[in-house]
Amino acid sequence: MKNAILSVFAALLCILPLRAQSDKSYEWTDATTLTIGGKLTSDTSAPYSRLPESLKDKTTPKIWELGQSSSGIYVKFRSDAPEFVIRWSLGKQMGSSVMSRINYMGLDLYYWDGARWKFAYPCKPGSRADEQYETICTFDRLPAGEREYMLYLSMYNAVKTLQIGVEKPYSLAASRLDNPKSDRPVVMYGTSILQGGSAARPGLASTNRISRELGRTVINLGFAGNGRLNLEIAEYMASCPNPALYVLDNAPNCSDKLIADKQEAFFRILRNAHPDVPVVFIENPMYPKTDISEAEYRRFAPRNEMLRKVYDSLVAKGEKNIWYIPAEGLLDPEKEGTIDGTHFNEIGFNHYLSVVVPVLKAALKAD
């Protein structure tokens with residue numbers, strides 16, 4: 001037994017230097033030198049955060065904190081390497097008992113097969129929040145040569161550092177593929193569901209799936225628990241120089257009174273800045289308990305009624321190119337589409353997209 005233990009220990013000593021030598025053969029590229037997408041502006045407080053420093057003293061501390069997360073941000077690159085390593089670390093740790101660690105702390109790698117983006121690797125975080133995480137990605141069964149990759153970042157944490165390593169003589173560089181198209185983004189505003197809760201992994205969050213469906217960049221401005229029609233966020237959205245479409249999915253965080261008081265003002269900021277850009281309003285999904293609890297029904301139904309009143313009033317005032325998505329169909333008839341009675345699981349996201357995407361396509365076509 002003693003000899004067997006010594007043999008195992010000796011084998012480990014042999015393996016460890018090989019690993020170190022292997023690391024030395026990698027040439028590392030900092031992701032800030034690659035193609036970063038999914039941001040409204042490049043002038044953010046950190047490379048992989050969503051809000052500019054100028055908003056720090058204008059918005060609430062909680063919105064500012066949530067705005068540091070990397071929700072909807074992706075990095076695109078091209079490489080001819082059959083294998084590469086992705087390393088990342090996180091800033092302030094955020095998480096939830098109703099989310100997978102891959103969604104709120106991990107990354108999600110896709111590759112372009114010549115016609116569409118296909119899922120390749122979930123980059124799983126380790127067990128300690130303070131460590132640097134690493135995933136080895138191998139593509140040696142695909143034809144040799146250069147291909148394009150897209151790496152979705154964590155939905156509920158701020159990616160602090162991100163590097164990709166390839167062995168020499170292979171190369172890695174910024175993407176040449178303009179898909180999703182970056183020139184006229186769709187800007188979506190909302191709550192925790194829009195931010196990404198509770199998708200299984202970043203690539204399955206609704207805004208990232210919509211981006212792949214449309215072949216167009218989608219800006220994720222979901223703020224968990226804080227999609228409360230803060231007008232400074234409307235001003236930030238209006239600062240986009242060339243939006244293709246605005247989507248307002250804020251009802252889950254708003255009472256009927258808040259919608260009555262601020263929904264039109266929020267809309268007006270967008271419309272005044274971009275008179276011809278379509279704006280889509282989305283009702284609050286009618287969650288499972290609204291079918292069985294009078295108190296829950298009375299909690300959510302009035303906000304949808306008020307949102308419809310605001311929309312109808314805008315139409316009566318002559319507003320054009322505004323679109324409306326009612327709650328019907330946003331969840332499945334069996335109400336299996338949530339993980340906790342509120343946040344979508346994959347069934348919920350599927351139903352949501354089946355209703356929302358056709359309207360977005362129609363609004364973009366009409367633009």
# chains A, B, ... in the order shown; residues from 1 in each chain; ligands from 1
call {"tool": "residues_around", "arguments": {"residues": "Lys124 in chain A", "least_positions_apart": "5", "cutoff": "10 Å", "atoms": "only C-alpha atoms", "output": "list in words"}}
result
Ser100, Arg101, Ile102, Asn103, Met105, Gly106, Leu107, Asp108, Tyr133, Glu134, Thr135 and Arg201 of chain A
call {"tool": "write_last_selection", "arguments": {"atoms": "N, CA, C and O atoms", "output": "PDB file, in the first residue's frame"}}
result
ATOM      1  N   SER A 100     -28.822  29.032 -12.124  1.00  0.00           N
ATOM      2  CA  SER A 100     -27.635  28.187 -12.193  1.00  0.00           C
ATOM      3  C   SER A 100     -26.390  29.065 -12.078  1.00  0.00           C
ATOM      4  O   SER A 100     -26.393  30.226 -12.492  1.00  0.00           O
ATOM      5  N   ARG A 101     -25.313  28.496 -11.545  1.00  0.00           N
ATOM      6  CA  ARG A 101     -24.054  29.232 -11.441  1.00  0.00           C
ATOM      7  C   ARG A 101     -23.503  29.570 -12.817  1.00  0.00           C
ATOM      8  O   ARG A 101     -22.842  30.596 -12.999  1.00  0.00           O
ATOM      9  N   ILE A 102     -23.774  28.721 -13.812  1.00  0.00           N
ATOM     10  CA  ILE A 102     -23.297  29.011 -15.167  1.00  0.00           C
ATOM     11  C   ILE A 102     -23.945  30.294 -15.673  1.00  0.00           C
ATOM     12  O   ILE A 102     -23.293  31.118 -16.319  1.00  0.00           O
ATOM     13  N   ASN A 103     -25.228  30.508 -15.359  1.00  0.00           N
ATOM     14  CA  ASN A 103     -25.921  31.704 -15.821  1.00  0.00           C
ATOM     15  C   ASN A 103     -25.369  32.958 -15.162  1.00  0.00           C
ATOM     16  O   ASN A 103     -25.051  33.926 -15.844  1.00  0.00           O
ATOM     17  N   MET A 105     -22.584  33.331 -13.183  1.00  0.00           N
ATOM     18  CA  MET A 105     -21.140  33.477 -12.980  1.00  0.00           C
ATOM     19  C   MET A 105     -20.307  32.954 -14.152  1.00  0.00           C
ATOM     20  O   MET A 105     -19.117  33.232 -14.226  1.00  0.00           O
ATOM     21  N   GLY A 106     -20.926  32.194 -15.038  1.00  0.00           N
ATOM     22  CA  GLY A 106     -20.182  31.547 -16.106  1.00  0.00           C
ATOM     23  C   GLY A 106     -20.282  32.275 -17.436  1.00  0.00           C
ATOM     24  O   GLY A 106     -20.818  33.377 -17.542  1.00  0.00           O
ATOM     25  N   LEU A 107     -19.746  31.622 -18.466  1.00  0.00           N
ATOM     26  CA  LEU A 107     -19.763  32.131 -19.824  1.00  0.00           C
ATOM     27  C   LEU A 107     -20.369  31.071 -20.728  1.00  0.00           C
ATOM     28  O   LEU A 107     -20.567  29.929 -20.316  1.00  0.00           O
ATOM     29  N   ASP A 108     -20.636  31.440 -21.971  1.00  0.00           N
ATOM     30  CA  ASP A 108     -21.312  30.523 -22.888  1.00  0.00           C
ATOM     31  C   ASP A 108     -20.725  30.712 -24.285  1.00  0.00           C
ATOM     32  O   ASP A 108     -20.830  31.802 -24.855  1.00  0.00           O
ATOM     33  N   TYR A 133     -11.347  31.460 -13.132  1.00  0.00           N
ATOM     34  CA  TYR A 133     -11.945  30.276 -13.705  1.00  0.00           C
ATOM     35  C   TYR A 133     -11.330  29.982 -15.076  1.00  0.00           C
ATOM     36  O   TYR A 133     -10.836  30.874 -15.760  1.00  0.00           O
ATOM     37  N   GLU A 134     -11.419  28.712 -15.480  1.00  0.00           N
ATOM     38  CA  GLU A 134     -10.782  28.318 -16.732  1.00  0.00           C
ATOM     39  C   GLU A 134     -11.574  27.191 -17.392  1.00  0.00           C
ATOM     40  O   GLU A 134     -12.020  26.254 -16.731  1.00  0.00           O
ATOM     41  N   THR A 135     -11.739  27.279 -18.712  1.00  0.00           N
ATOM     42  CA  THR A 135     -12.368  26.219 -19.496  1.00  0.00           C
ATOM     43  C   THR A 135     -11.531  25.958 -20.742  1.00  0.00           C
ATOM     44  O   THR A 135     -11.144  26.903 -21.446  1.00  0.00           O
ATOM     45  N   ARG A 201     -28.261  29.081 -18.813  1.00  0.00           N
ATOM     46  CA  ARG A 201     -26.927  29.597 -19.111  1.00  0.00           C
ATOM     47  C   ARG A 201     -27.090  30.878 -19.929  1.00  0.00           C
ATOM     48  O   ARG A 201     -28.185  31.146 -20.452  1.00  0.00           O
TER      49      ARG A 201
END
call {"tool": "residues_around", "arguments": {"residues": "range 30-34 of chain A", "least_positions_apart": "6", "cutoff": "6 Å", "atoms": "only C-alpha atoms", "output": "VMD selection string"}}
result
chain A and resid 162 to 163 174
call {"tool": "residues_around", "arguments": {"residues": "Leu90 in chain A", "least_positions_apart": "5", "cutoff": "6 Å", "atoms": "only C-alpha atoms", "output": "MDAnalysis selection string"}}
result
chainID A and resid 158:160
call {"tool": "select_by_dssp", "arguments": {"residues": "range 239-342 of chain A", "states": "strand (DSSP E)", "output": "list in words"}}
result
Leu245, Tyr246, Val247, Leu248, Asp249, Val279, Val280, Phe281, Ile282, Ile322, Trp323, Tyr324 and Ile325 of chain A
call {"tool": "write_last_selection", "arguments": {"atoms": "all heavy atoms", "output": "JSON list (two decimals), in the first residue's frame"}}
result
[["chain", "number", "residue", "atom", "x", "y", "z"],
["A", 245, "LEU", "N", -35.10, 49.64, -32.75],
["A", 245, "LEU", "CA", -36.34, 49.29, -32.06],
["A", 245, "LEU", "C", -36.13, 49.43, -30.56],
["A", 245, "LEU", "O", -35.06, 49.11, -30.04],
["A", 245, "LEU", "CB", -36.70, 47.83, -32.40],
["A", 245, "LEU", "CG", -37.95, 47.21, -31.77],
["A", 245, "LEU", "CD1", -39.22, 47.89, -32.29],
["A", 245, "LEU", "CD2", -38.00, 45.71, -32.09],
["A", 246, "TYR", "N", -37.16, 49.93, -29.87],
["A", 246, "TYR", "CA", -37.17, 49.94, -28.41],
["A", 246, "TYR", "C", -38.24, 48.97, -27.92],
["A", 246, "TYR", "O", -39.34, 48.91, -28.48],
["A", 246, "TYR", "CB", -37.50, 51.34, -27.87],
["A", 246, "TYR", "CG", -36.39, 52.35, -28.01],
["A", 246, "TYR", "CD1", -36.55, 53.49, -28.80],
["A", 246, "TYR", "CD2", -35.19, 52.19, -27.32],
["A", 246, "TYR", "CE1", -35.53, 54.43, -28.91],
["A", 246, "TYR", "CE2", -34.17, 53.13, -27.43],
["A", 246, "TYR", "CZ", -34.34, 54.24, -28.22],
["A", 246, "TYR", "OH", -33.33, 55.17, -28.32],
["A", 247, "VAL", "N", -37.92, 48.23, -26.86],
["A", 247, "VAL", "CA", -38.87, 47.30, -26.25],
["A", 247, "VAL", "C", -38.96, 47.62, -24.76],
["A", 247, "VAL", "O", -37.94, 47.65, -24.07],
["A", 247, "VAL", "CB", -38.43, 45.84, -26.44],
["A", 247, "VAL", "CG1", -39.45, 44.90, -25.79],
["A", 247, "VAL", "CG2", -38.28, 45.51, -27.93],
["A", 248, "LEU", "N", -40.17, 47.87, -24.29],
["A", 248, "LEU", "CA", -40.40, 48.22, -22.88],
["A", 248, "LEU", "C", -41.14, 47.07, -22.21],
["A", 248, "LEU", "O", -42.34, 46.87, -22.42],
["A", 248, "LEU", "CB", -41.21, 49.52, -22.78],
["A", 248, "LEU", "CG", -40.61, 50.73, -23.50],
["A", 248, "LEU", "CD1", -41.45, 51.98, -23.26],
["A", 248, "LEU", "CD2", -39.17, 50.97, -23.07],
["A", 249, "ASP", "N", -40.42, 46.31, -21.40],
["A", 249, "ASP", "CA", -40.96, 45.13, -20.72],
["A", 249, "ASP", "C", -40.81, 45.30, -19.22],
["A", 249, "ASP", "O", -40.27, 44.46, -18.52],
["A", 249, "ASP", "CB", -40.20, 43.89, -21.22],
["A", 249, "ASP", "CG", -40.86, 42.59, -20.80],
["A", 249, "ASP", "OD1", -41.95, 42.64, -20.21],
["A", 249, "ASP", "OD2", -40.28, 41.53, -21.06],
["A", 279, "VAL", "N", -41.66, 51.44, -31.03],
["A", 279, "VAL", "CA", -41.60, 51.15, -29.60],
["A", 279, "VAL", "C", -42.62, 50.07, -29.30],
["A", 279, "VAL", "O", -43.78, 50.17, -29.70],
["A", 279, "VAL", "CB", -41.90, 52.40, -28.74],
["A", 279, "VAL", "CG1", -41.85, 52.04, -27.26],
["A", 279, "VAL", "CG2", -40.91, 53.52, -29.05],
["A", 280, "VAL", "N", -42.19, 49.02, -28.61],
["A", 280, "VAL", "CA", -43.05, 47.88, -28.27],
["A", 280, "VAL", "C", -43.29, 47.86, -26.77],
["A", 280, "VAL", "O", -42.34, 47.93, -25.98],
["A", 280, "VAL", "CB", -42.40, 46.55, -28.71],
["A", 280, "VAL", "CG1", -43.30, 45.37, -28.34],
["A", 280, "VAL", "CG2", -42.12, 46.55, -30.21],
["A", 281, "PHE", "N", -44.57, 47.77, -26.38],
["A", 281, "PHE", "CA", -44.95, 47.62, -24.98],
["A", 281, "PHE", "C", -45.33, 46.16, -24.73],
["A", 281, "PHE", "O", -46.05, 45.57, -25.53],
["A", 281, "PHE", "CB", -46.16, 48.50, -24.64],
["A", 281, "PHE", "CG", -45.92, 49.98, -24.78],
["A", 281, "PHE", "CD1", -46.06, 50.60, -26.02],
["A", 281, "PHE", "CD2", -45.58, 50.75, -23.68],
["A", 281, "PHE", "CE1", -45.86, 51.96, -26.15],
["A", 281, "PHE", "CE2", -45.37, 52.12, -23.81],
["A", 281, "PHE", "CZ", -45.51, 52.73, -25.04],
["A", 282, "ILE", "N", -44.87, 45.60, -23.61],
["A", 282, "ILE", "CA", -45.19, 44.21, -23.27],
["A", 282, "ILE", "C", -45.86, 44.16, -21.90],
["A", 282, "ILE", "O", -45.36, 44.74, -20.93],
["A", 282, "ILE", "CB", -43.93, 43.32, -23.25],
["A", 282, "ILE", "CG1", -43.20, 43.40, -24.60],
["A", 282, "ILE", "CG2", -44.30, 41.87, -22.94],
["A", 282, "ILE", "CD1", -41.94, 42.55, -24.67],
["A", 322, "ILE", "N", -46.22, 52.28, -32.80],
["A", 322, "ILE", "CA", -46.12, 51.69, -31.47],
["A", 322, "ILE", "C", -46.86, 50.37, -31.49],
["A", 322, "ILE", "O", -47.88, 50.21, -32.17],
["A", 322, "ILE", "CB", -46.66, 52.63, -30.37],
["A", 322, "ILE", "CG1", -48.10, 53.06, -30.64],
["A", 322, "ILE", "CG2", -45.77, 53.85, -30.21],
["A", 322, "ILE", "CD1", -48.70, 53.89, -29.52],
["A", 323, "TRP", "N", -46.33, 49.41, -30.77],
["A", 323, "TRP", "CA", -46.80, 48.03, -30.83],
["A", 323, "TRP", "C", -47.11, 47.55, -29.42],
["A", 323, "TRP", "O", -46.53, 48.05, -28.45],
["A", 323, "TRP", "CB", -45.74, 47.14, -31.47],
["A", 323, "TRP", "CG", -45.38, 47.58, -32.87],
["A", 323, "TRP", "CD1", -44.68, 48.70, -33.24],
["A", 323, "TRP", "CD2", -45.71, 46.91, -34.08],
["A", 323, "TRP", "NE1", -44.54, 48.77, -34.59],
["A", 323, "TRP", "CE2", -45.16, 47.68, -35.14],
["A", 323, "TRP", "CE3", -46.38, 45.73, -34.39],
["A", 323, "TRP", "CZ2", -45.29, 47.30, -36.48],
["A", 323, "TRP", "CZ3", -46.50, 45.35, -35.71],
["A", 323, "TRP", "CH2", -45.96, 46.13, -36.75],
["A", 324, "TYR", "N", -48.00, 46.57, -29.33],
["A", 324, "TYR", "CA", -48.45, 46.13, -28.01],
["A", 324, "TYR", "C", -48.54, 44.60, -27.97],
["A", 324, "TYR", "O", -49.09, 43.98, -28.88],
["A", 324, "TYR", "CB", -49.83, 46.72, -27.69],
["A", 324, "TYR", "CG", -50.24, 46.61, -26.25],
["A", 324, "TYR", "CD1", -49.84, 47.58, -25.33],
["A", 324, "TYR", "CD2", -51.02, 45.55, -25.80],
["A", 324, "TYR", "CE1", -50.22, 47.49, -24.00],
["A", 324, "TYR", "CE2", -51.40, 45.45, -24.47],
["A", 324, "TYR", "CZ", -50.99, 46.43, -23.57],
["A", 324, "TYR", "OH", -51.35, 46.35, -22.25],
["A", 325, "ILE", "N", -47.98, 44.02, -26.92],
["A", 325, "ILE", "CA", -48.02, 42.56, -26.74],
["A", 325, "ILE", "C", -48.75, 42.26, -25.43],
["A", 325, "ILE", "O", -48.26, 42.57, -24.34],
["A", 325, "ILE", "CB", -46.60, 41.97, -26.70],
["A", 325, "ILE", "CG1", -45.87, 42.25, -28.01],
["A", 325, "ILE", "CG2", -46.67, 40.46, -26.43],
["A", 325, "ILE", "CD1", -44.44, 41.76, -28.03]]
call {"tool": "closest_atom_pairs", "arguments": {"of": "range 300-366 of chain A", "to": "range 214-219 of chain A", "cutoff": "9 Å", "atoms": "only C-alpha atoms", "output": "tab-separated table"}}
result
residue	atom	partner	partner_atom	distance
A:Val357	CA	A:Leu214	CA	8.2
A:Leu360	CA	A:Leu214	CA	8.7
A:Lys361	CA	A:Leu214	CA	7.4
call {"tool": "write_last_selection", "arguments": {"atoms": "N, CA, C and O atoms", "output": "mmCIF file, in the first residue's frame"}}
result
data_model
loop_
_atom_site.group_PDB
_atom_site.id
_atom_site.type_symbol
_atom_site.label_atom_id
_atom_site.label_comp_id
_atom_site.auth_asym_id
_atom_site.auth_seq_id
_atom_site.Cartn_x
_atom_site.Cartn_y
_atom_site.Cartn_z
ATOM 1 N N VAL A 357 -41.028 37.474 -30.542
ATOM 2 C CA VAL A 357 -40.177 37.593 -31.734
ATOM 3 C C VAL A 357 -40.960 37.951 -32.984
ATOM 4 O O VAL A 357 -40.525 38.831 -33.758
ATOM 5 N N LEU A 360 -41.565 41.661 -32.924
ATOM 6 C CA LEU A 360 -40.342 42.427 -33.153
ATOM 7 C C LEU A 360 -39.965 42.400 -34.634
ATOM 8 O O LEU A 360 -39.555 43.423 -35.193
ATOM 9 N N LYS A 361 -40.111 41.248 -35.262
ATOM 10 C CA LYS A 361 -39.805 41.158 -36.697
ATOM 11 C C LYS A 361 -40.738 42.050 -37.508
ATOM 12 O O LYS A 361 -40.316 42.734 -38.447
#
call {"tool": "residues_around", "arguments": {"residues": "range 229-243 of chain A", "least_positions_apart": "3", "cutoff": "7 Å", "atoms": "only C-alpha atoms", "output": "list in words"}}
result
Leu40, Lys58, Thr59, Arg184, Pro185, Val186, Val187, Lys262, Gln263, Phe266, Ile269, Leu270 and Ala273 of chain A
call {"tool": "atom_distance", "arguments": {"atom1": "CA of Leu142 in chain A", "atom2": "CA of Phe119 in chain A"}}
result
13.7 Å
call {"tool": "residues_around", "arguments": {"residues": "Ala205 in chain A", "least_positions_apart": "6", "cutoff": "8 Å", "atoms": "only C-alpha atoms", "output": "list of chain:residue names"}}
result
A:Leu194, A:Gln195, A:Gly196, A:Gly197, A:Ser198, A:Ala199, A:Phe349
call {"tool": "residues_around", "arguments": {"residues": "Lys56 in chain A", "least_positions_apart": "6", "cutoff": "12 Å", "atoms": "only C-alpha atoms", "output": "number ranges by chain"}}
result
A: 44-45, 50, 62-68, 232-233, 236
call {"tool": "write_last_selection", "arguments": {"atoms": "N, CA, C and O atoms", "output": "tab-separated table (two decimals), in the first residue's frame"}}
result
chain	number	residue	atom	x	y	z
A	44	THR	N	-18.24	52.76	-20.99
A	44	THR	CA	-18.83	52.27	-19.75
A	44	THR	C	-17.79	52.30	-18.63
A	44	THR	O	-16.60	52.46	-18.86
A	45	SER	N	-18.28	52.10	-17.40
A	45	SER	CA	-17.40	52.22	-16.24
A	45	SER	C	-16.33	51.14	-16.20
A	45	SER	O	-15.31	51.29	-15.53
A	50	ARG	N	-22.45	47.68	-18.17
A	50	ARG	CA	-23.48	48.18	-19.09
A	50	ARG	C	-23.74	49.68	-19.00
A	50	ARG	O	-24.38	50.23	-19.89
A	62	LYS	N	-28.77	50.90	-6.48
A	62	LYS	CA	-29.06	49.53	-6.88
A	62	LYS	C	-29.00	49.38	-8.40
A	62	LYS	O	-28.45	48.39	-8.91
A	63	ILE	N	-29.56	50.34	-9.14
A	63	ILE	CA	-29.47	50.27	-10.59
A	63	ILE	C	-28.02	50.34	-11.03
A	63	ILE	O	-27.59	49.62	-11.94
A	64	TRP	N	-27.24	51.20	-10.39
A	64	TRP	CA	-25.82	51.30	-10.73
A	64	TRP	C	-25.12	49.96	-10.50
A	64	TRP	O	-24.35	49.50	-11.34
A	65	GLU	N	-25.42	49.33	-9.36
A	65	GLU	CA	-24.80	48.03	-9.05
A	65	GLU	C	-25.20	46.98	-10.10
A	65	GLU	O	-24.34	46.26	-10.63
A	66	LEU	N	-26.49	46.91	-10.42
A	66	LEU	CA	-26.95	45.94	-11.41
A	66	LEU	C	-26.39	46.25	-12.79
A	66	LEU	O	-26.15	45.35	-13.60
A	67	GLY	N	-26.17	47.53	-13.07
A	67	GLY	CA	-25.62	47.93	-14.36
A	67	GLY	C	-24.18	47.53	-14.56
A	67	GLY	O	-23.67	47.58	-15.69
A	68	GLN	N	-23.50	47.12	-13.48
A	68	GLN	CA	-22.12	46.65	-13.62
A	68	GLN	C	-22.06	45.20	-14.11
A	68	GLN	O	-20.99	44.72	-14.51
A	232	GLU	N	-33.89	58.52	-15.96
A	232	GLU	CA	-32.49	58.64	-16.39
A	232	GLU	C	-32.08	57.45	-17.27
A	232	GLU	O	-31.21	57.57	-18.14
A	233	ILE	N	-32.74	56.31	-17.08
A	233	ILE	CA	-32.47	55.16	-17.96
A	233	ILE	C	-33.09	55.39	-19.33
A	233	ILE	O	-32.51	55.03	-20.36
A	236	TYR	N	-30.72	57.51	-21.12
A	236	TYR	CA	-29.59	56.71	-21.58
A	236	TYR	C	-29.96	55.91	-22.84
A	236	TYR	O	-29.19	55.86	-23.80
call {"tool": "atom_distance", "arguments": {"atom1": "CA of Thr29 in chain A", "atom2": "CA of Trp88 in chain A"}}
result
11.9 Å
call {"tool": "select_by_dssp", "arguments": {"residues": "range 59-255 of chain A", "states": "helix (DSSP H, G or I)", "output": "number ranges by chain"}}
result
A: 61-67, 101-105, 192-195, 202-204, 206-214, 231-238, 251-253
call {"tool": "atom_distance", "arguments": {"atom1": "CA of Glu264 in chain A", "atom2": "CA of Leu307 in chain A"}}
result
9.5 Å
call {"tool": "closest_residue", "arguments": {"among": "A:Asp140, A:Asp256, A:Asp80, A:Asp291", "to": "Arg303 in chain A", "atoms": "only C-alpha atoms"}}
result
A:Asp256
call {"tool": "closest_residue", "arguments": {"among": "A:Leu331, A:Leu258, A:Val315, A:Leu153", "to": "Arg228 in chain A", "atoms": "only C-alpha atoms"}}
result
A:Leu258
call {"tool": "decode", "arguments": {"residues": "range 194-207 of chain A", "atoms": "N, CA, C and O atoms", "output": "mmCIF file, in the first residue's frame"}}
result
data_model
loop_
_atom_site.group_PDB
_atom_site.id
_atom_site.type_symbol
_atom_site.label_atom_id
_atom_site.label_comp_id
_atom_site.auth_asym_id
_atom_site.auth_seq_id
_atom_site.Cartn_x
_atom_site.Cartn_y
_atom_site.Cartn_z
ATOM 1 N N LEU A 194 -35.922 39.871 -17.982
ATOM 2 C CA LEU A 194 -35.216 40.353 -19.156
ATOM 3 C C LEU A 194 -33.713 40.320 -18.922
ATOM 4 O O LEU A 194 -32.938 40.000 -19.835
ATOM 5 N N GLN A 195 -33.273 40.603 -17.709
ATOM 6 C CA GLN A 195 -31.841 40.578 -17.424
ATOM 7 C C GLN A 195 -31.263 39.178 -17.621
ATOM 8 O O GLN A 195 -30.083 39.042 -17.938
ATOM 9 N N GLY A 196 -32.095 38.149 -17.454
ATOM 10 C CA GLY A 196 -31.613 36.788 -17.693
ATOM 11 C C GLY A 196 -32.067 35.755 -16.696
ATOM 12 O O GLY A 196 -31.737 34.576 -16.824
ATOM 13 N N GLY A 197 -32.840 36.152 -15.687
ATOM 14 C CA GLY A 197 -33.303 35.180 -14.702
ATOM 15 C C GLY A 197 -34.568 34.469 -15.173
ATOM 16 O O GLY A 197 -35.511 35.124 -15.573
ATOM 17 N N SER A 198 -34.614 33.142 -15.165
ATOM 18 C CA SER A 198 -33.587 32.250 -14.648
ATOM 19 C C SER A 198 -33.162 31.265 -15.745
ATOM 20 O O SER A 198 -33.381 30.063 -15.657
ATOM 21 N N ALA A 199 -32.556 31.808 -16.793
ATOM 22 C CA ALA A 199 -32.061 30.965 -17.875
ATOM 23 C C ALA A 199 -31.015 29.988 -17.340
ATOM 24 O O ALA A 199 -30.327 30.270 -16.361
ATOM 25 N N ALA A 200 -30.890 28.843 -18.000
ATOM 26 C CA ALA A 200 -29.932 27.843 -17.549
ATOM 27 C C ALA A 200 -28.495 28.309 -17.753
ATOM 28 O O ALA A 200 -27.609 27.967 -16.972
ATOM 29 N N ARG A 201 -28.261 29.081 -18.813
ATOM 30 C CA ARG A 201 -26.927 29.597 -19.111
ATOM 31 C C ARG A 201 -27.090 30.878 -19.929
ATOM 32 O O ARG A 201 -28.185 31.146 -20.452
ATOM 33 N N PRO A 202 -26.043 31.700 -20.042
ATOM 34 C CA PRO A 202 -26.193 33.007 -20.681
ATOM 35 C C PRO A 202 -26.761 32.983 -22.097
ATOM 36 O O PRO A 202 -27.575 33.831 -22.456
ATOM 37 N N GLY A 203 -26.353 32.016 -22.908
ATOM 38 C CA GLY A 203 -26.838 31.980 -24.284
ATOM 39 C C GLY A 203 -28.321 31.713 -24.413
ATOM 40 O O GLY A 203 -28.908 31.952 -25.477
ATOM 41 N N LEU A 204 -28.963 31.231 -23.338
ATOM 42 C CA LEU A 204 -30.391 30.934 -23.360
ATOM 43 C C LEU A 204 -31.237 32.053 -22.779
ATOM 44 O O LEU A 204 -32.462 31.941 -22.748
ATOM 45 N N ALA A 205 -30.634 33.124 -22.316
ATOM 46 C CA ALA A 205 -31.402 34.293 -21.867
ATOM 47 C C ALA A 205 -32.171 34.874 -23.047
ATOM 48 O O ALA A 205 -31.722 34.807 -24.199
ATOM 49 N N SER A 206 -33.325 35.463 -22.789
ATOM 50 C CA SER A 206 -34.211 35.877 -23.882
ATOM 51 C C SER A 206 -33.561 36.871 -24.827
ATOM 52 O O SER A 206 -33.696 36.752 -26.057
ATOM 53 N N THR A 207 -32.835 37.858 -24.299
ATOM 54 C CA THR A 207 -32.264 38.869 -25.186
ATOM 55 C C THR A 207 -31.190 38.271 -26.091
ATOM 56 O O THR A 207 -31.044 38.676 -27.247
#
